[in-house]
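In what follows, a structure is listed as structure tokens, so that the remarks can point back to it.
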Amino acid sequence: MARSTVSKKRSTWWKTGLGLFFTALMLFPVYWMVNVSLTPRSDLRANPPSLFPTSPTFEGYQAVFDQQLPALGVSLVVGLGCVLLTLVLSAPAAYAIALLRMRGGRSLNFILLVAQMIPAVVMSMGFYAIYVRLGLLNSLPGLILADSTIAVPFGVLLFTAFMSGIPKELLQAARVDGASAWRTFRSIVMPISRNSAITVSLFAFLWAWSDFIFASTLSRNAEFVPVTLSIYAYIGNNTTQWNAIMATAVVASIPAAVLLVFAQRYVAAGVTAGAVKD
Amino acid sequence: MTTTATSPAAVGEAPTPGARRRGSAPRGIHGSPWVAVAFAAPLVIYLIAFYAYPLIRSIDLSVHDYNIRAFVQGDAEFVGLANYVDVITSDLFGPALLNTFLFVGISILFQYAIGLALAVFFRNNFRLSGVLRAMFLVPWLLPLIVSASTWAWMMNSDSGIVNAFLLAVGLDPINWLTSPDWSLTAVIIANIWLGIPFNLVILYSGLQNIPADVYEAASLDGAGAWKTFWRITFPLLRPVSAITILLGLVYTLKVVDIIWIMTKGGPANSSLILSVWSYREAFGTGQPAFSPASAIGNILIIIALIFGLIYARMQNREDA
């Protein structure tokens, strides 16, 4: 960048302009969600709709705080529960596959890949059948378990890919020093894999936070429902208060926004990891 | 155990080149093979309990005649493949299958084409390109319920911004979500929008792996931008494109939320795809019909597996 000459700068400003235009076009629905969330109820049916919140109101957000706080709390608990479960299951397994050269490790990886192809709607029927018997319907642990199935295969594949790259000399040195497999895992492998752990956690949280299918099948009659389900119920009962619906949507998007600002590079790493061969 | 991975398994491996070649001591660094098994055991138990068992239950549901009472008592009648026959001979099967292929095919085509165009565009080094590229991730990170309800409001017949725009440029407004002629188009548009970030990110990272000297050689030979794209970028990107499209297929076949939230598969089943049909049978009406629903779901898995196998064959041929 520092070397770029004046002429080069001039030749790229239009690309920045074009990039801005594409981005604005792409993000228009997001802008529109914010705009509607600030529009007074009386202007919601205006034709044509106003492109800017000319007289912004926070009545939509008022409704969120009056009605949606428990749902946001449930989503937070479910998200954190899934993060914990995903890490606890996937990191040790990946260690076994990538570094302890477990027999059948490759078959296991293949099974995980296929597992990701099973539609959530099929899984949800299986879970429903099981939960009816076990009394786990409409319970937090039940939802956490079901939601974790979205992230666990991804977690194992991502950890395995990263851990395969850890130099074996490092682990052999630890062994020479008399460290057990568990000690090596805890004191060497996990600290090195920190970035992978962050990436896996981000996705586990985000997917659990965003889940609609498991929530709507396994927790539909729960006393406290996650925010996705509560927005859905809100839309169903409330076709006029679109500013409140959009305000809830804005609030429900906060984790995504936070991730984008603070953890963008992990996000990009997570999208590409496990997808790009070589 | 083989050391050469079968292709689909290799997909999950190694952004770190050379990792597999290095230090392949047969038993790893810690003597007993049971140590490795102990570390993997919780995952294996989890997979059996929370993947295999629900899947088996779903197959079991599809070959019995379950109603909600039989569900709790577990005394449903065994009916073999009758549910599958019912589903396939139903009037809805043909249209739902066609809609599924249209929804998946058109979505993937546009997601891929737009994602690739943007990836090539963002490969240029210009001011803000990194920041803008990051912004493109937003739609992908939002909960689907958020995106779907935003699109539903934007496509509202009377007060939606989309129709306001159409009017402003002199076109007739469209009943996006309430007309059987347009509902499938409406959900496809929303789905394309949702899929662009994923395609952009994967294809962009694929582009990063094409060595710069290939492009230098091309420009020395006097190849224009168009020719460079078709002769170099596109062919070299083929493996990445294949995996992007395969993952797109798998994800899109599974989609329920977007369509359910925007149209519920209606009006008059005009935007009904297999996954939504399955969801509707099981959970969408007051009377859950789990048996046909899981039959539909299992048909969907078979379709996904067929695509997976086609991909695995393609990969094998390419590796050979």
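FYI, nothing fancy with the structure tokens labels: chains A, B, ... in order, residues from 1 per chain, ligands from 1 as they appear.
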| request: Quick one: everything within 8 Å of Leu55 (chain B), counting only C-alpha atoms, minus sequence neighbours fewer than 5 positions away in the same chain. Send it as a count of residues only. | output: 3
| query | Counting only C-alpha atoms, what is within 10 Å of Trp176 (chain B), bar same-chain residues fewer than 6 positions away, as a list in words? | reply |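 In the requested format, the answer is Ala152, Met154, Met155, Asn156, Ser157, Gly160, Val162, Asn163, Trp182, Ser183, Leu184, Thr185, Ala186, Val187 and Thr263 of chain B.
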| query | Mind checking DSSP for region 119-165 of chain B and telling me the alpha helix (DSSP H) residues as a count of residues only? | reply | 32
| said: Residues within 9 Å of Phe126 (chain B), please, as a list in words. Count only C-alpha atoms; anything in the same chain fewer than 6 positions from it doesn't count. | reply: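 Once the adjacent positions are removed, what remains is Lys9, Thr12, Trp13, Lys15, Thr16 and Gly19 of chain A.
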I need the residues from that last selection saved to file as a CSV table (one decimal), in the first residue's frame (with all heavy atoms), if you can.
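What landed in part.csv:
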```
chain,number,residue,atom,x,y,z
A,9,LYS,N,-3.4,5.3,-7.3
A,9,LYS,CA,-4.5,5.7,-6.5
A,9,LYS,C,-5.7,6.2,-7.3
A,9,LYS,O,-6.8,5.8,-7.1
A,9,LYS,CB,-4.1,6.8,-5.5
A,9,LYS,CG,-3.8,6.3,-4.1
A,9,LYS,CD,-3.5,7.4,-3.2
A,9,LYS,CE,-2.6,7.0,-2.1
A,9,LYS,NZ,-1.8,8.0,-1.5
A,12,THR,N,-7.8,3.5,-8.9
A,12,THR,CA,-8.6,2.6,-8.1
A,12,THR,C,-9.7,3.3,-7.4
A,12,THR,O,-10.6,2.6,-6.8
A,12,THR,CB,-7.7,1.8,-7.0
A,12,THR,OG1,-7.2,2.8,-6.2
A,12,THR,CG2,-6.7,1.0,-7.7
A,13,TRP,N,-9.8,4.6,-7.4
A,13,TRP,CA,-10.9,5.2,-6.6
A,13,TRP,C,-12.3,4.7,-7.1
A,13,TRP,O,-13.2,4.5,-6.4
A,13,TRP,CB,-10.8,6.7,-6.6
A,13,TRP,CG,-11.1,7.4,-7.9
A,13,TRP,CD1,-10.2,7.8,-8.9
A,13,TRP,CD2,-12.4,7.7,-8.5
A,13,TRP,NE1,-10.9,8.3,-10.0
A,13,TRP,CE2,-12.2,8.2,-9.7
A,13,TRP,CE3,-13.7,7.5,-8.0
A,13,TRP,CZ2,-13.3,8.6,-10.5
A,13,TRP,CZ3,-14.8,7.9,-8.8
A,13,TRP,CH2,-14.6,8.5,-10.1
A,15,LYS,N,-13.0,1.9,-8.2
A,15,LYS,CA,-13.3,0.6,-7.7
A,15,LYS,C,-13.8,0.6,-6.3
A,15,LYS,O,-14.7,-0.1,-5.9
A,15,LYS,CB,-12.0,-0.3,-7.7
A,15,LYS,CG,-11.7,-0.8,-9.1
A,15,LYS,CD,-10.4,-1.6,-9.1
A,15,LYS,CE,-10.1,-2.0,-10.5
A,15,LYS,NZ,-8.7,-2.5,-10.6
A,16,THR,N,-13.2,1.6,-5.5
A,16,THR,CA,-13.8,1.8,-4.2
A,16,THR,C,-15.2,2.2,-4.2
A,16,THR,O,-16.1,1.7,-3.5
A,16,THR,CB,-13.0,2.8,-3.4
A,16,THR,OG1,-11.6,2.4,-3.4
A,16,THR,CG2,-13.5,3.0,-2.0
A,19,GLY,N,-17.3,-0.7,-5.1
A,19,GLY,CA,-17.4,-1.6,-4.0
A,19,GLY,C,-18.4,-1.1,-3.0
A,19,GLY,O,-19.2,-1.8,-2.4
```
| field | Asn138 (chain A) surroundings by only C-alpha atoms, 9 Å radius, close-in-sequence under 5 positions cut, as an MDAnalysis selection string | value | chainID A and resid 143 215 218:225
| Near Thr184 (chain A), counting only C-alpha atoms, which residues have an atom at most 12 Å away, once you skip same-chain residues fewer than 5 positions from it, shown as a VMD selection string? | (chain A and resid 92 95 to 96 99 to 100 168 170 to 179 189 to 192) or (chain B and resid 29 to 30)
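Among the candidates B:Ile45, B:Leu207, B:Ile301, B:Ile232, the residue lying nearest to chain A is B:Ile301 (atoms considered: only C-alpha atoms).
Proximity ranking of A:Arg186, A:Arg106, A:Arg41, A:Arg194 relative to chain B places A:Arg106 first, based on only C-alpha atoms.
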| message | Report as a ChimeraX atom specification all protein, DNA and RNA residues lying within 12 Å of Thr240 (chain A), evaluated on only C-alpha atoms, omitting residues in the same chain fewer than 4 positions from it. | response | /A:40-45,60,234-236,244-246 /B:153,159
| query | Within 10 Å of Val88 (chain A), counting only C-alpha atoms, which residues qualify if same-chain residues fewer than 4 places away don't, as a PyMOL selection string? | reply | (chain A and resi 82-84+92-93+152) or (chain B and resi 42-43)
Could you turn the residues from that selection into a file that holds all heavy atoms, as a compact mmCIF listing (two decimals), in the first residue's frame?
```txt
# COMPACT_ATOMS: atom_id res chain seq x y z
N CYS A 82 -24.31 -24.65 24.30
CA CYS A 82 -23.84 -25.32 23.09
C CYS A 82 -22.35 -25.14 22.90
O CYS A 82 -21.66 -26.07 22.46
CB CYS A 82 -24.58 -24.79 21.87
SG CYS A 82 -26.18 -25.52 21.70
N VAL A 83 -21.84 -23.96 23.21
CA VAL A 83 -20.41 -23.71 23.07
C VAL A 83 -19.64 -24.69 23.96
O VAL A 83 -18.71 -25.37 23.53
CB VAL A 83 -20.05 -22.26 23.47
CG1 VAL A 83 -18.55 -22.08 23.60
CG2 VAL A 83 -20.61 -21.28 22.45
N LEU A 84 -20.08 -24.79 25.20
CA LEU A 84 -19.40 -25.65 26.16
C LEU A 84 -19.43 -27.10 25.69
O LEU A 84 -18.39 -27.78 25.63
CB LEU A 84 -20.10 -25.51 27.52
CG LEU A 84 -19.27 -25.93 28.72
CD1 LEU A 84 -18.10 -24.98 28.88
CD2 LEU A 84 -20.13 -25.93 29.97
N PRO A 92 -11.13 -32.92 22.35
CA PRO A 92 -10.42 -34.17 22.64
C PRO A 92 -10.51 -35.17 21.48
O PRO A 92 -9.53 -35.85 21.17
CB PRO A 92 -11.16 -34.73 23.87
CG PRO A 92 -11.91 -33.59 24.43
CD PRO A 92 -12.21 -32.66 23.31
N ALA A 93 -11.68 -35.24 20.83
CA ALA A 93 -11.83 -36.18 19.73
C ALA A 93 -10.88 -35.81 18.59
O ALA A 93 -10.24 -36.69 17.99
CB ALA A 93 -13.27 -36.19 19.24
N VAL A 152 -21.26 -29.63 16.45
CA VAL A 152 -20.25 -30.61 16.85
C VAL A 152 -19.44 -31.18 15.67
O VAL A 152 -18.21 -31.18 15.72
CB VAL A 152 -20.89 -31.74 17.71
CG1 VAL A 152 -19.94 -32.92 17.83
CG2 VAL A 152 -21.22 -31.20 19.09
N PRO B 42 -16.15 -39.88 24.17
CA PRO B 42 -17.35 -39.05 24.38
C PRO B 42 -18.02 -38.67 23.06
O PRO B 42 -19.25 -38.71 22.94
CB PRO B 42 -16.81 -37.80 25.09
CG PRO B 42 -15.52 -38.23 25.70
CD PRO B 42 -14.96 -39.32 24.82
N LEU B 43 -17.20 -38.33 22.05
CA LEU B 43 -17.77 -37.96 20.75
C LEU B 43 -18.51 -39.14 20.13
O LEU B 43 -19.62 -38.98 19.61
CB LEU B 43 -16.67 -37.48 19.80
CG LEU B 43 -17.18 -37.18 18.39
CD1 LEU B 43 -17.95 -35.87 18.34
CD2 LEU B 43 -16.06 -37.17 17.37
```
| said: Between CA of Val201 (chain B) and CA of Val271 (chain A), what is the distance in Å, rounded to a tenth? | reply: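 CA of Val271 (chain A) lies at a distance of 7.0 Å from CA of Val201 (chain B).
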| task | Kindly give the distance, in Å, that separates CA of Thr100 (chain B) and CA of Leu274 (chain B), rounded to a single decimal. | result |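 Calculated distance between CA of Thr100 (chain B) and CA of Leu274 (chain B) is 6.3 Å.
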| field | In region 15-250 of chain B, DSSP strand (DSSP E or B) residues written as a VMD selection string | value | chain B and resid 64 to 65 77 to 78
Write a file of the selected residues as a PDB file, in the first residue's frame, keeping N, CA and C atoms.
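And here's out-v7.pdb as it stands now:
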```pdb
ATOM      1  N   HIS B  64     -43.765 -47.038  10.211  1.00  0.00           N
ATOM      2  CA  HIS B  64     -44.908 -47.354  11.062  1.00  0.00           C
ATOM      3  C   HIS B  64     -46.005 -46.334  10.815  1.00  0.00           C
ATOM      4  N   ASP B  65     -47.162 -46.629  11.378  1.00  0.00           N
ATOM      5  CA  ASP B  65     -48.241 -45.669  11.271  1.00  0.00           C
ATOM      6  C   ASP B  65     -48.401 -44.989  12.630  1.00  0.00           C
ATOM      7  N   GLU B  77     -48.558 -49.378  14.359  1.00  0.00           N
ATOM      8  CA  GLU B  77     -48.596 -50.534  13.464  1.00  0.00           C
ATOM      9  C   GLU B  77     -47.481 -50.429  12.417  1.00  0.00           C
ATOM     10  N   PHE B  78     -46.848 -51.583  12.132  1.00  0.00           N
ATOM     11  CA  PHE B  78     -45.811 -51.598  11.106  1.00  0.00           C
ATOM     12  C   PHE B  78     -46.467 -51.600   9.728  1.00  0.00           C
TER      13      PHE B  78
END
```
Quick one: which region 233-318 of chain B residues come within 12 Å of region 109-115 of chain B, and what is the nearest atom pair for each with the distance in Å to one decimal, counting only C-alpha atoms, rows ordered by chain and ascending number, as a Markdown table?
```
| residue | atom | partner | partner_atom | distance |
| --- | --- | --- | --- | --- |
| B:Phe234 | CA | B:Ala113 | CA | 11.4 |
| B:Val240 | CA | B:Tyr112 | CA | 11.3 |
| B:Ser241 | CA | B:Tyr112 | CA | 8.3 |
| B:Ala242 | CA | B:Tyr112 | CA | 10.5 |
| B:Ile243 | CA | B:Tyr112 | CA | 11.3 |
| B:Thr244 | CA | B:Tyr112 | CA | 8.0 |
| B:Ile245 | CA | B:Tyr112 | CA | 7.3 |
| B:Leu246 | CA | B:Tyr112 | CA | 11.0 |
| B:Leu247 | CA | B:Tyr112 | CA | 11.3 |
| B:Gly248 | CA | B:Gln111 | CA | 8.7 |
| B:Leu249 | CA | B:Leu109 | CA | 10.3 |
| B:Thr252 | CA | B:Gln111 | CA | 11.0 |
```
Just the selected residues (all heavy atoms), exported as a PDB file, in the first residue's frame, please.
```
ATOM      1  N   PHE B 234     -11.053 -19.372 -13.891  1.00  0.00           N
ATOM      2  CA  PHE B 234     -12.159 -20.320 -13.796  1.00  0.00           C
ATOM      3  C   PHE B 234     -11.677 -21.774 -13.748  1.00  0.00           C
ATOM      4  O   PHE B 234     -12.080 -22.520 -12.855  1.00  0.00           O
ATOM      5  CB  PHE B 234     -13.133 -20.076 -14.947  1.00  0.00           C
ATOM      6  CG  PHE B 234     -14.465 -20.733 -14.725  1.00  0.00           C
ATOM      7  CD1 PHE B 234     -15.270 -20.345 -13.674  1.00  0.00           C
ATOM      8  CD2 PHE B 234     -14.888 -21.743 -15.562  1.00  0.00           C
ATOM      9  CE1 PHE B 234     -16.487 -20.953 -13.461  1.00  0.00           C
ATOM     10  CE2 PHE B 234     -16.113 -22.368 -15.359  1.00  0.00           C
ATOM     11  CZ  PHE B 234     -16.910 -21.971 -14.308  1.00  0.00           C
ATOM     12  N   VAL B 240     -12.338 -25.783  -6.025  1.00  0.00           N
ATOM     13  CA  VAL B 240     -13.015 -24.968  -5.009  1.00  0.00           C
ATOM     14  C   VAL B 240     -14.470 -24.739  -5.409  1.00  0.00           C
ATOM     15  O   VAL B 240     -15.375 -24.799  -4.579  1.00  0.00           O
ATOM     16  CB  VAL B 240     -12.275 -23.624  -4.825  1.00  0.00           C
ATOM     17  CG1 VAL B 240     -12.988 -22.769  -3.802  1.00  0.00           C
ATOM     18  CG2 VAL B 240     -10.838 -23.874  -4.402  1.00  0.00           C
ATOM     19  N   SER B 241     -14.690 -24.510  -6.687  1.00  0.00           N
ATOM     20  CA  SER B 241     -16.068 -24.318  -7.153  1.00  0.00           C
ATOM     21  C   SER B 241     -16.895 -25.557  -6.872  1.00  0.00           C
ATOM     22  O   SER B 241     -18.044 -25.467  -6.422  1.00  0.00           O
ATOM     23  CB  SER B 241     -16.086 -24.050  -8.668  1.00  0.00           C
ATOM     24  OG  SER B 241     -15.397 -22.879  -8.963  1.00  0.00           O
ATOM     25  N   ALA B 242     -16.305 -26.736  -7.118  1.00  0.00           N
ATOM     26  CA  ALA B 242     -17.056 -27.980  -6.919  1.00  0.00           C
ATOM     27  C   ALA B 242     -17.495 -28.114  -5.470  1.00  0.00           C
ATOM     28  O   ALA B 242     -18.661 -28.417  -5.195  1.00  0.00           O
ATOM     29  CB  ALA B 242     -16.208 -29.177  -7.335  1.00  0.00           C
ATOM     30  N   ILE B 243     -16.590 -27.856  -4.535  1.00  0.00           N
ATOM     31  CA  ILE B 243     -16.959 -28.022  -3.131  1.00  0.00           C
ATOM     32  C   ILE B 243     -17.953 -26.941  -2.709  1.00  0.00           C
ATOM     33  O   ILE B 243     -18.881 -27.199  -1.944  1.00  0.00           O
ATOM     34  CB  ILE B 243     -15.710 -28.036  -2.203  1.00  0.00           C
ATOM     35  CG1 ILE B 243     -16.090 -28.373  -0.771  1.00  0.00           C
ATOM     36  CG2 ILE B 243     -14.965 -26.740  -2.213  1.00  0.00           C
ATOM     37  CD1 ILE B 243     -16.529 -29.774  -0.590  1.00  0.00           C
ATOM     38  N   THR B 244     -17.788 -25.723  -3.232  1.00  0.00           N
ATOM     39  CA  THR B 244     -18.733 -24.651  -2.907  1.00  0.00           C
ATOM     40  C   THR B 244     -20.139 -25.039  -3.343  1.00  0.00           C
ATOM     41  O   THR B 244     -21.115 -24.887  -2.597  1.00  0.00           O
ATOM     42  CB  THR B 244     -18.344 -23.349  -3.634  1.00  0.00           C
ATOM     43  OG1 THR B 244     -16.963 -23.103  -3.433  1.00  0.00           O
ATOM     44  CG2 THR B 244     -19.155 -22.177  -3.125  1.00  0.00           C
ATOM     45  N   ILE B 245     -20.236 -25.553  -4.569  1.00  0.00           N
ATOM     46  CA  ILE B 245     -21.549 -25.910  -5.100  1.00  0.00           C
ATOM     47  C   ILE B 245     -22.129 -27.108  -4.346  1.00  0.00           C
ATOM     48  O   ILE B 245     -23.317 -27.117  -4.016  1.00  0.00           O
ATOM     49  CB  ILE B 245     -21.450 -26.168  -6.614  1.00  0.00           C
ATOM     50  CG1 ILE B 245     -21.230 -24.834  -7.327  1.00  0.00           C
ATOM     51  CG2 ILE B 245     -22.695 -26.862  -7.138  1.00  0.00           C
ATOM     52  CD1 ILE B 245     -20.901 -24.928  -8.787  1.00  0.00           C
ATOM     53  N   LEU B 246     -21.288 -28.074  -4.025  1.00  0.00           N
ATOM     54  CA  LEU B 246     -21.799 -29.231  -3.282  1.00  0.00           C
ATOM     55  C   LEU B 246     -22.338 -28.815  -1.914  1.00  0.00           C
ATOM     56  O   LEU B 246     -23.451 -29.189  -1.525  1.00  0.00           O
ATOM     57  CB  LEU B 246     -20.725 -30.293  -3.087  1.00  0.00           C
ATOM     58  CG  LEU B 246     -21.254 -31.434  -2.225  1.00  0.00           C
ATOM     59  CD1 LEU B 246     -22.066 -32.419  -3.049  1.00  0.00           C
ATOM     60  CD2 LEU B 246     -20.176 -32.147  -1.460  1.00  0.00           C
ATOM     61  N   LEU B 247     -21.547 -28.013  -1.191  1.00  0.00           N
ATOM     62  CA  LEU B 247     -22.011 -27.569   0.126  1.00  0.00           C
ATOM     63  C   LEU B 247     -23.277 -26.737  -0.020  1.00  0.00           C
ATOM     64  O   LEU B 247     -24.202 -26.850   0.780  1.00  0.00           O
ATOM     65  CB  LEU B 247     -20.915 -26.762   0.834  1.00  0.00           C
ATOM     66  CG  LEU B 247     -19.705 -27.568   1.295  1.00  0.00           C
ATOM     67  CD1 LEU B 247     -18.638 -26.654   1.864  1.00  0.00           C
ATOM     68  CD2 LEU B 247     -20.114 -28.597   2.344  1.00  0.00           C
ATOM     69  N   GLY B 248     -23.322 -25.913  -1.065  1.00  0.00           N
ATOM     70  CA  GLY B 248     -24.516 -25.120  -1.340  1.00  0.00           C
ATOM     71  C   GLY B 248     -25.731 -26.019  -1.525  1.00  0.00           C
ATOM     72  O   GLY B 248     -26.799 -25.758  -0.981  1.00  0.00           O
ATOM     73  N   LEU B 249     -25.548 -27.086  -2.291  1.00  0.00           N
ATOM     74  CA  LEU B 249     -26.638 -28.035  -2.527  1.00  0.00           C
ATOM     75  C   LEU B 249     -27.134 -28.625  -1.225  1.00  0.00           C
ATOM     76  O   LEU B 249     -28.338 -28.657  -0.955  1.00  0.00           O
ATOM     77  CB  LEU B 249     -26.133 -29.190  -3.406  1.00  0.00           C
ATOM     78  CG  LEU B 249     -26.110 -28.998  -4.901  1.00  0.00           C
ATOM     79  CD1 LEU B 249     -25.396 -30.167  -5.556  1.00  0.00           C
ATOM     80  CD2 LEU B 249     -27.535 -28.916  -5.412  1.00  0.00           C
ATOM     81  N   THR B 252     -28.887 -25.993   0.866  1.00  0.00           N
ATOM     82  CA  THR B 252     -30.136 -25.488   0.311  1.00  0.00           C
ATOM     83  C   THR B 252     -31.245 -26.538   0.351  1.00  0.00           C
ATOM     84  O   THR B 252     -32.404 -26.213   0.566  1.00  0.00           O
ATOM     85  CB  THR B 252     -29.915 -24.993  -1.130  1.00  0.00           C
ATOM     86  OG1 THR B 252     -28.726 -24.206  -1.162  1.00  0.00           O
ATOM     87  CG2 THR B 252     -31.074 -24.157  -1.611  1.00  0.00           C
TER      88      THR B 252
END
```
